[in-house]
Amino acid sequence: MTNTSRYLVAACAAACLIFGAGCEYLRQDMANQPKNRPLSPSPFFEDGRSERPLVENTVARGSLAEDALFVPKDSNNFPLPVNLELLERGEERYKIFCSPCHGLQGDGNGMVAMRGMKPPPSYHQDRLRQAPNGYVYDVMANGFGQMLGYSAQIPPRDRWAIIAYIRALQLSRNAKAADLPAELRDKLNQSGEPKPAETGGSKDSTGGSF
């Protein structure tokens, strides 16, 4: 090997050591960043926590309730007039977004549940019949348990339409005859009256008709 070759080899080795050390330093500097992981302790603050509480009179990013139809979770208010148009819209949206899990009748026997997924609770149980409208709205928007939130798929007005239809489903299984309009009560009473016995039918040997 000539002197020139030895010189080139030595220069290359020196360059590798210099740049390699620099890259190693940069790699470690990026890997060991001065940051705090969620809920990790920190000596920087007096209480020793890295997570800081909300500043008084402020709202966390993404938590501002700017929806004109928003109601608190414990509120039973209904911000829209309930009419046939709203119920029909709610039925349509319910069948699209809710019935696969909750079933057409709201009993939790949807096609997804029938295929092995854990069934959701029935809307006809006392807990959900008595749940405030705001609670149902919040679950629909943000999700609960295995159910994901539908705020991106269902706009606020349609959420209330679905809630109105859910209430109609609940009422359909728990309505009393006294709650019905007079004309429907009359029809119900007529359908429940025993039919008069038919005459002139064939008789068997004991005299009974059949």
# chains A, B, ... in the order shown; residues from 1 in each chain; ligands from 1
>>> closest_atom_pairs(of="segment 37-155 of chain A", to="segment 161-172 of chain A", cutoff="12 Å", atoms="only C-alpha atoms", output="tab-separated table")
residue	atom	partner	partner_atom	distance
A:Leu69	CA	A:Ala161	CA	11.7
A:Asn76	CA	A:Ile163	CA	11.4
A:Asn77	CA	A:Ile163	CA	11.6
A:Phe78	CA	A:Ala164	CA	8.8
A:Pro79	CA	A:Ala161	CA	10.6
A:Leu80	CA	A:Ala161	CA	8.7
A:Pro81	CA	A:Ala164	CA	9.9
A:Val82	CA	A:Ala164	CA	7.1
A:Asn83	CA	A:Ala164	CA	9.2
A:Leu84	CA	A:Tyr165	CA	10.0
A:Glu85	CA	A:Ala161	CA	9.1
A:Leu86	CA	A:Ala161	CA	5.4
A:Leu87	CA	A:Tyr165	CA	5.4
A:Glu88	CA	A:Tyr165	CA	7.9
A:Arg89	CA	A:Ala161	CA	6.2
A:Gly90	CA	A:Ile162	CA	4.0
A:Glu91	CA	A:Tyr165	CA	5.8
A:Glu92	CA	A:Ile162	CA	8.4
A:Arg93	CA	A:Ile162	CA	6.5
A:Tyr94	CA	A:Ile162	CA	5.7
A:Lys95	CA	A:Ile162	CA	9.4
A:Ile96	CA	A:Ile162	CA	10.5
A:Phe97	CA	A:Ile162	CA	9.5
A:Cys98	CA	A:Ile162	CA	8.9
A:Ser99	CA	A:Ile166	CA	10.9
A:His102	CA	A:Ile166	CA	10.5
A:Gly103	CA	A:Leu169	CA	11.1
A:Leu104	CA	A:Leu169	CA	9.3
A:Gln105	CA	A:Leu169	CA	6.7
A:Gly106	CA	A:Leu169	CA	7.0
A:Asp107	CA	A:Leu169	CA	9.6
A:Ser122	CA	A:Gln170	CA	9.7
A:Tyr123	CA	A:Gln170	CA	6.6
A:His124	CA	A:Gln170	CA	5.6
A:Gln125	CA	A:Gln170	CA	8.9
A:Asp126	CA	A:Gln170	CA	9.9
A:Arg127	CA	A:Gln170	CA	11.6
A:Leu128	CA	A:Gln170	CA	9.1
A:Arg129	CA	A:Gln170	CA	6.7
A:Gln130	CA	A:Gln170	CA	10.2
A:Ala131	CA	A:Arg167	CA	10.6
A:Pro132	CA	A:Ile163	CA	10.5
A:Asn133	CA	A:Ile163	CA	7.3
A:Gly134	CA	A:Ile163	CA	9.6
A:Tyr135	CA	A:Ile163	CA	10.4
A:Val136	CA	A:Ile163	CA	7.1
A:Tyr137	CA	A:Ile163	CA	7.3
A:Asp138	CA	A:Ile163	CA	11.0
A:Val139	CA	A:Ile163	CA	11.0
A:Met140	CA	A:Ile163	CA	9.2
A:Ala141	CA	A:Ile163	CA	11.8
A:Ile154	CA	A:Ile162	CA	9.6
A:Pro155	CA	A:Ala161	CA	10.1
>>> write_last_selection(atoms="N, CA and C atoms", output="short mmCIF file (atom, residue, chain, number, x, y, z; two decimals), in the first residue's frame")
data_model
loop_
_atom_site.label_atom_id
_atom_site.label_comp_id
_atom_site.auth_asym_id
_atom_site.auth_seq_id
_atom_site.Cartn_x
_atom_site.Cartn_y
_atom_site.Cartn_z
N LEU A 69 -78.04 23.43 20.36
CA LEU A 69 -79.02 22.48 20.86
C LEU A 69 -78.49 21.66 22.03
N ASN A 76 -83.55 17.29 31.43
CA ASN A 76 -84.57 16.57 30.69
C ASN A 76 -85.27 17.47 29.67
N ASN A 77 -84.68 18.63 29.40
CA ASN A 77 -85.26 19.56 28.41
C ASN A 77 -85.17 18.96 27.01
N PHE A 78 -86.07 19.41 26.16
CA PHE A 78 -86.06 19.01 24.75
C PHE A 78 -86.10 20.29 23.93
N PRO A 79 -84.99 20.67 23.27
CA PRO A 79 -84.89 22.00 22.65
C PRO A 79 -85.60 22.15 21.32
N LEU A 80 -86.29 21.12 20.85
CA LEU A 80 -87.00 21.19 19.57
C LEU A 80 -88.46 20.82 19.77
N PRO A 81 -89.36 21.40 18.96
CA PRO A 81 -90.77 20.97 19.02
C PRO A 81 -90.90 19.56 18.45
N VAL A 82 -91.58 18.70 19.18
CA VAL A 82 -91.76 17.31 18.74
C VAL A 82 -93.02 17.22 17.90
N ASN A 83 -92.86 16.84 16.65
CA ASN A 83 -93.98 16.68 15.74
C ASN A 83 -93.75 15.44 14.88
N LEU A 84 -94.68 15.16 14.01
CA LEU A 84 -94.59 13.96 13.19
C LEU A 84 -93.37 14.00 12.28
N GLU A 85 -93.05 15.17 11.75
CA GLU A 85 -91.88 15.28 10.86
C GLU A 85 -90.60 14.91 11.61
N LEU A 86 -90.46 15.40 12.85
CA LEU A 86 -89.26 15.08 13.63
C LEU A 86 -89.20 13.59 13.95
N LEU A 87 -90.33 12.99 14.29
CA LEU A 87 -90.35 11.57 14.61
C LEU A 87 -90.01 10.72 13.39
N GLU A 88 -90.52 11.09 12.23
CA GLU A 88 -90.20 10.34 11.01
C GLU A 88 -88.72 10.46 10.67
N ARG A 89 -88.16 11.65 10.84
CA ARG A 89 -86.72 11.83 10.63
C ARG A 89 -85.92 10.99 11.63
N GLY A 90 -86.38 10.99 12.89
CA GLY A 90 -85.70 10.20 13.90
C GLY A 90 -85.76 8.71 13.61
N GLU A 91 -86.90 8.24 13.12
CA GLU A 91 -87.01 6.82 12.77
C GLU A 91 -86.05 6.46 11.64
N GLU A 92 -85.95 7.32 10.65
CA GLU A 92 -85.04 7.06 9.53
C GLU A 92 -83.59 7.01 10.00
N ARG A 93 -83.17 8.00 10.79
CA ARG A 93 -81.79 8.04 11.28
C ARG A 93 -81.52 6.90 12.25
N TYR A 94 -82.51 6.57 13.07
CA TYR A 94 -82.33 5.47 14.02
C TYR A 94 -82.07 4.16 13.29
N LYS A 95 -82.83 3.89 12.24
CA LYS A 95 -82.66 2.64 11.50
C LYS A 95 -81.28 2.57 10.84
N ILE A 96 -80.73 3.73 10.47
CA ILE A 96 -79.43 3.75 9.80
C ILE A 96 -78.30 3.56 10.82
N PHE A 97 -78.31 4.35 11.89
CA PHE A 97 -77.16 4.40 12.79
C PHE A 97 -77.32 3.55 14.05
N CYS A 98 -78.53 3.32 14.52
CA CYS A 98 -78.73 2.70 15.83
C CYS A 98 -79.19 1.25 15.77
N SER A 99 -80.05 0.94 14.80
CA SER A 99 -80.65 -0.39 14.77
C SER A 99 -79.65 -1.53 14.59
N HIS A 102 -78.79 -1.76 18.45
CA HIS A 102 -79.90 -1.66 19.40
C HIS A 102 -81.16 -2.36 18.92
N GLY A 103 -81.22 -2.75 17.66
CA GLY A 103 -82.40 -3.44 17.14
C GLY A 103 -83.49 -2.48 16.73
N LEU A 104 -84.36 -2.93 15.86
CA LEU A 104 -85.44 -2.07 15.36
C LEU A 104 -86.40 -1.67 16.46
N GLN A 105 -86.54 -2.49 17.49
CA GLN A 105 -87.47 -2.20 18.57
C GLN A 105 -86.78 -1.62 19.80
N GLY A 106 -85.46 -1.43 19.72
CA GLY A 106 -84.73 -0.86 20.85
C GLY A 106 -84.48 -1.83 21.98
N ASP A 107 -84.58 -3.12 21.71
CA ASP A 107 -84.41 -4.12 22.76
C ASP A 107 -82.99 -4.68 22.82
N SER A 122 -81.28 -2.81 26.81
CA SER A 122 -82.56 -2.48 26.18
C SER A 122 -82.99 -1.08 26.58
N TYR A 123 -83.54 -0.35 25.63
CA TYR A 123 -84.09 0.97 25.94
C TYR A 123 -85.32 0.88 26.85
N HIS A 124 -85.88 -0.32 27.00
CA HIS A 124 -87.13 -0.47 27.73
C HIS A 124 -86.92 -0.79 29.20
N GLN A 125 -85.67 -0.87 29.63
CA GLN A 125 -85.43 -1.06 31.06
C GLN A 125 -85.65 0.27 31.79
N ASP A 126 -85.96 0.18 33.08
CA ASP A 126 -86.31 1.38 33.84
C ASP A 126 -85.19 2.41 33.86
N ARG A 127 -83.94 1.95 33.91
CA ARG A 127 -82.82 2.91 34.00
C ARG A 127 -82.78 3.83 32.80
N LEU A 128 -82.96 3.29 31.60
CA LEU A 128 -82.90 4.12 30.40
C LEU A 128 -84.22 4.82 30.11
N ARG A 129 -85.32 4.26 30.58
CA ARG A 129 -86.59 4.97 30.43
C ARG A 129 -86.60 6.25 31.28
N GLN A 130 -85.91 6.19 32.42
CA GLN A 130 -85.88 7.33 33.32
C GLN A 130 -84.65 8.22 33.11
N ALA A 131 -83.75 7.84 32.21
CA ALA A 131 -82.55 8.65 31.97
C ALA A 131 -82.94 9.99 31.34
N PRO A 132 -82.30 11.08 31.76
CA PRO A 132 -82.62 12.39 31.17
C PRO A 132 -82.27 12.44 29.69
N ASN A 133 -82.94 13.31 28.97
CA ASN A 133 -82.65 13.49 27.55
C ASN A 133 -81.21 13.92 27.32
N GLY A 134 -80.69 14.75 28.23
CA GLY A 134 -79.30 15.20 28.09
C GLY A 134 -78.31 14.06 28.17
N TYR A 135 -78.62 13.06 28.98
CA TYR A 135 -77.73 11.89 29.09
C TYR A 135 -77.71 11.12 27.76
N VAL A 136 -78.87 10.90 27.19
CA VAL A 136 -78.95 10.17 25.91
C VAL A 136 -78.22 10.96 24.83
N TYR A 137 -78.39 12.27 24.83
CA TYR A 137 -77.71 13.12 23.84
C TYR A 137 -76.19 13.02 24.00
N ASP A 138 -75.71 13.04 25.25
CA ASP A 138 -74.27 12.97 25.49
C ASP A 138 -73.70 11.63 25.05
N VAL A 139 -74.39 10.54 25.35
CA VAL A 139 -73.91 9.22 24.93
C VAL A 139 -73.86 9.13 23.41
N MET A 140 -74.88 9.67 22.75
CA MET A 140 -74.91 9.62 21.29
C MET A 140 -73.75 10.43 20.69
N ALA A 141 -73.43 11.55 21.31
CA ALA A 141 -72.37 12.41 20.76
C ALA A 141 -70.97 11.90 21.11
N ILE A 154 -73.69 12.20 13.05
CA ILE A 154 -75.07 12.64 13.30
C ILE A 154 -75.05 14.08 13.79
N PRO A 155 -75.56 15.02 13.03
CA PRO A 155 -75.61 16.42 13.48
C PRO A 155 -76.57 16.59 14.66
#
>>> select_by_dssp(residues="segment 24-185 of chain A", states="alpha helix (DSSP H)", output="PyMOL selection string")
chain A and resi 24-31+84-97+99-102+111-114+126-129+133-142+156-174+182-185
>>> write_last_selection(atoms="C-alpha atoms", output="PDB file, in the first residue's frame")
ATOM      1  CA  GLU A  24     -24.531   9.551  18.057  1.00  0.00           C
ATOM      2  CA  TYR A  25     -24.801  12.766  20.035  1.00  0.00           C
ATOM      3  CA  LEU A  26     -27.683  14.027  17.909  1.00  0.00           C
ATOM      4  CA  ARG A  27     -29.467  10.676  18.110  1.00  0.00           C
ATOM      5  CA  GLN A  28     -29.281  10.642  21.885  1.00  0.00           C
ATOM      6  CA  ASP A  29     -30.358  14.247  22.072  1.00  0.00           C
ATOM      7  CA  MET A  30     -33.528  13.441  20.083  1.00  0.00           C
ATOM      8  CA  ALA A  31     -34.202  10.240  22.014  1.00  0.00           C
ATOM      9  CA  LEU A  84     -94.592  13.962  13.186  1.00  0.00           C
ATOM     10  CA  GLU A  85     -91.881  15.285  10.863  1.00  0.00           C
ATOM     11  CA  LEU A  86     -89.261  15.085  13.633  1.00  0.00           C
ATOM     12  CA  LEU A  87     -90.347  11.567  14.608  1.00  0.00           C
ATOM     13  CA  GLU A  88     -90.195  10.342  11.014  1.00  0.00           C
ATOM     14  CA  ARG A  89     -86.718  11.826  10.630  1.00  0.00           C
ATOM     15  CA  GLY A  90     -85.703  10.196  13.900  1.00  0.00           C
ATOM     16  CA  GLU A  91     -87.015   6.822  12.766  1.00  0.00           C
ATOM     17  CA  GLU A  92     -85.035   7.064   9.530  1.00  0.00           C
ATOM     18  CA  ARG A  93     -81.794   8.040  11.277  1.00  0.00           C
ATOM     19  CA  TYR A  94     -82.333   5.468  14.020  1.00  0.00           C
ATOM     20  CA  LYS A  95     -82.659   2.643  11.502  1.00  0.00           C
ATOM     21  CA  ILE A  96     -79.426   3.748   9.804  1.00  0.00           C
ATOM     22  CA  PHE A  97     -77.161   4.401  12.793  1.00  0.00           C
ATOM     23  CA  SER A  99     -80.651  -0.391  14.770  1.00  0.00           C
ATOM     24  CA  PRO A 100     -77.568  -2.480  13.815  1.00  0.00           C
ATOM     25  CA  CYS A 101     -76.762  -2.772  17.538  1.00  0.00           C
ATOM     26  CA  HIS A 102     -79.896  -1.662  19.402  1.00  0.00           C
ATOM     27  CA  MET A 111     -77.827  -7.753  13.796  1.00  0.00           C
ATOM     28  CA  VAL A 112     -74.415  -6.902  15.281  1.00  0.00           C
ATOM     29  CA  ALA A 113     -75.431  -8.371  18.634  1.00  0.00           C
ATOM     30  CA  MET A 114     -76.926 -11.431  16.934  1.00  0.00           C
ATOM     31  CA  ASP A 126     -86.313   1.381  33.843  1.00  0.00           C
ATOM     32  CA  ARG A 127     -82.820   2.905  34.004  1.00  0.00           C
ATOM     33  CA  LEU A 128     -82.902   4.119  30.400  1.00  0.00           C
ATOM     34  CA  ARG A 129     -86.588   4.975  30.432  1.00  0.00           C
ATOM     35  CA  ASN A 133     -82.652  13.485  27.549  1.00  0.00           C
ATOM     36  CA  GLY A 134     -79.302  15.202  28.085  1.00  0.00           C
ATOM     37  CA  TYR A 135     -77.732  11.890  29.085  1.00  0.00           C
ATOM     38  CA  VAL A 136     -78.947  10.171  25.914  1.00  0.00           C
ATOM     39  CA  TYR A 137     -77.710  13.122  23.840  1.00  0.00           C
ATOM     40  CA  ASP A 138     -74.271  12.969  25.494  1.00  0.00           C
ATOM     41  CA  VAL A 139     -73.912   9.221  24.930  1.00  0.00           C
ATOM     42  CA  MET A 140     -74.907   9.622  21.288  1.00  0.00           C
ATOM     43  CA  ALA A 141     -72.367  12.406  20.762  1.00  0.00           C
ATOM     44  CA  ASN A 142     -69.429  11.111  22.843  1.00  0.00           C
ATOM     45  CA  PRO A 156     -77.256  17.862  16.624  1.00  0.00           C
ATOM     46  CA  ARG A 157     -80.753  18.193  15.177  1.00  0.00           C
ATOM     47  CA  ASP A 158     -80.760  14.583  14.026  1.00  0.00           C
ATOM     48  CA  ARG A 159     -79.582  13.473  17.482  1.00  0.00           C
ATOM     49  CA  TRP A 160     -82.684  15.034  18.981  1.00  0.00           C
ATOM     50  CA  ALA A 161     -84.834  13.467  16.292  1.00  0.00           C
ATOM     51  CA  ILE A 162     -83.422  10.069  17.243  1.00  0.00           C
ATOM     52  CA  ILE A 163     -84.031  10.770  20.940  1.00  0.00           C
ATOM     53  CA  ALA A 164     -87.659  11.639  20.158  1.00  0.00           C
ATOM     54  CA  TYR A 165     -88.034   8.342  18.295  1.00  0.00           C
ATOM     55  CA  ILE A 166     -86.374   6.400  21.131  1.00  0.00           C
ATOM     56  CA  ARG A 167     -88.878   7.938  23.548  1.00  0.00           C
ATOM     57  CA  ALA A 168     -91.662   6.868  21.183  1.00  0.00           C
ATOM     58  CA  LEU A 169     -90.288   3.300  21.211  1.00  0.00           C
ATOM     59  CA  GLN A 170     -90.193   3.327  24.998  1.00  0.00           C
ATOM     60  CA  LEU A 171     -93.723   4.665  25.192  1.00  0.00           C
ATOM     61  CA  SER A 172     -94.975   2.011  22.781  1.00  0.00           C
ATOM     62  CA  ARG A 173     -94.251  -0.729  25.321  1.00  0.00           C
ATOM     63  CA  ASN A 174     -95.299   1.153  28.418  1.00  0.00           C
ATOM     64  CA  ALA A 182    -110.550   8.784  22.695  1.00  0.00           C
ATOM     65  CA  GLU A 183    -110.912   7.375  19.163  1.00  0.00           C
ATOM     66  CA  LEU A 184    -108.067   4.900  19.717  1.00  0.00           C
ATOM     67  CA  ARG A 185    -109.510   3.840  23.061  1.00  0.00           C
TER      68      ARG A 185
END
>>> atom_distance(atom1="atom CA of Ser75 of chain A", atom2="atom CA of Val59 of chain A")
20.7 Å
>>> atom_distance(atom1="atom CA of Arg49 of chain A", atom2="atom CA of Ser63 of chain A")
22.5 Å
>>> atom_distance(atom1="atom CA of Pro119 of chain A", atom2="atom CA of Gln146 of chain A")
10.0 Å
>>> select_by_dssp(residues="segment 16-209 of chain A", states="strand (DSSP E or B)", output="ChimeraX atom specification")
/A:41,49,143-144,147-148,203,209
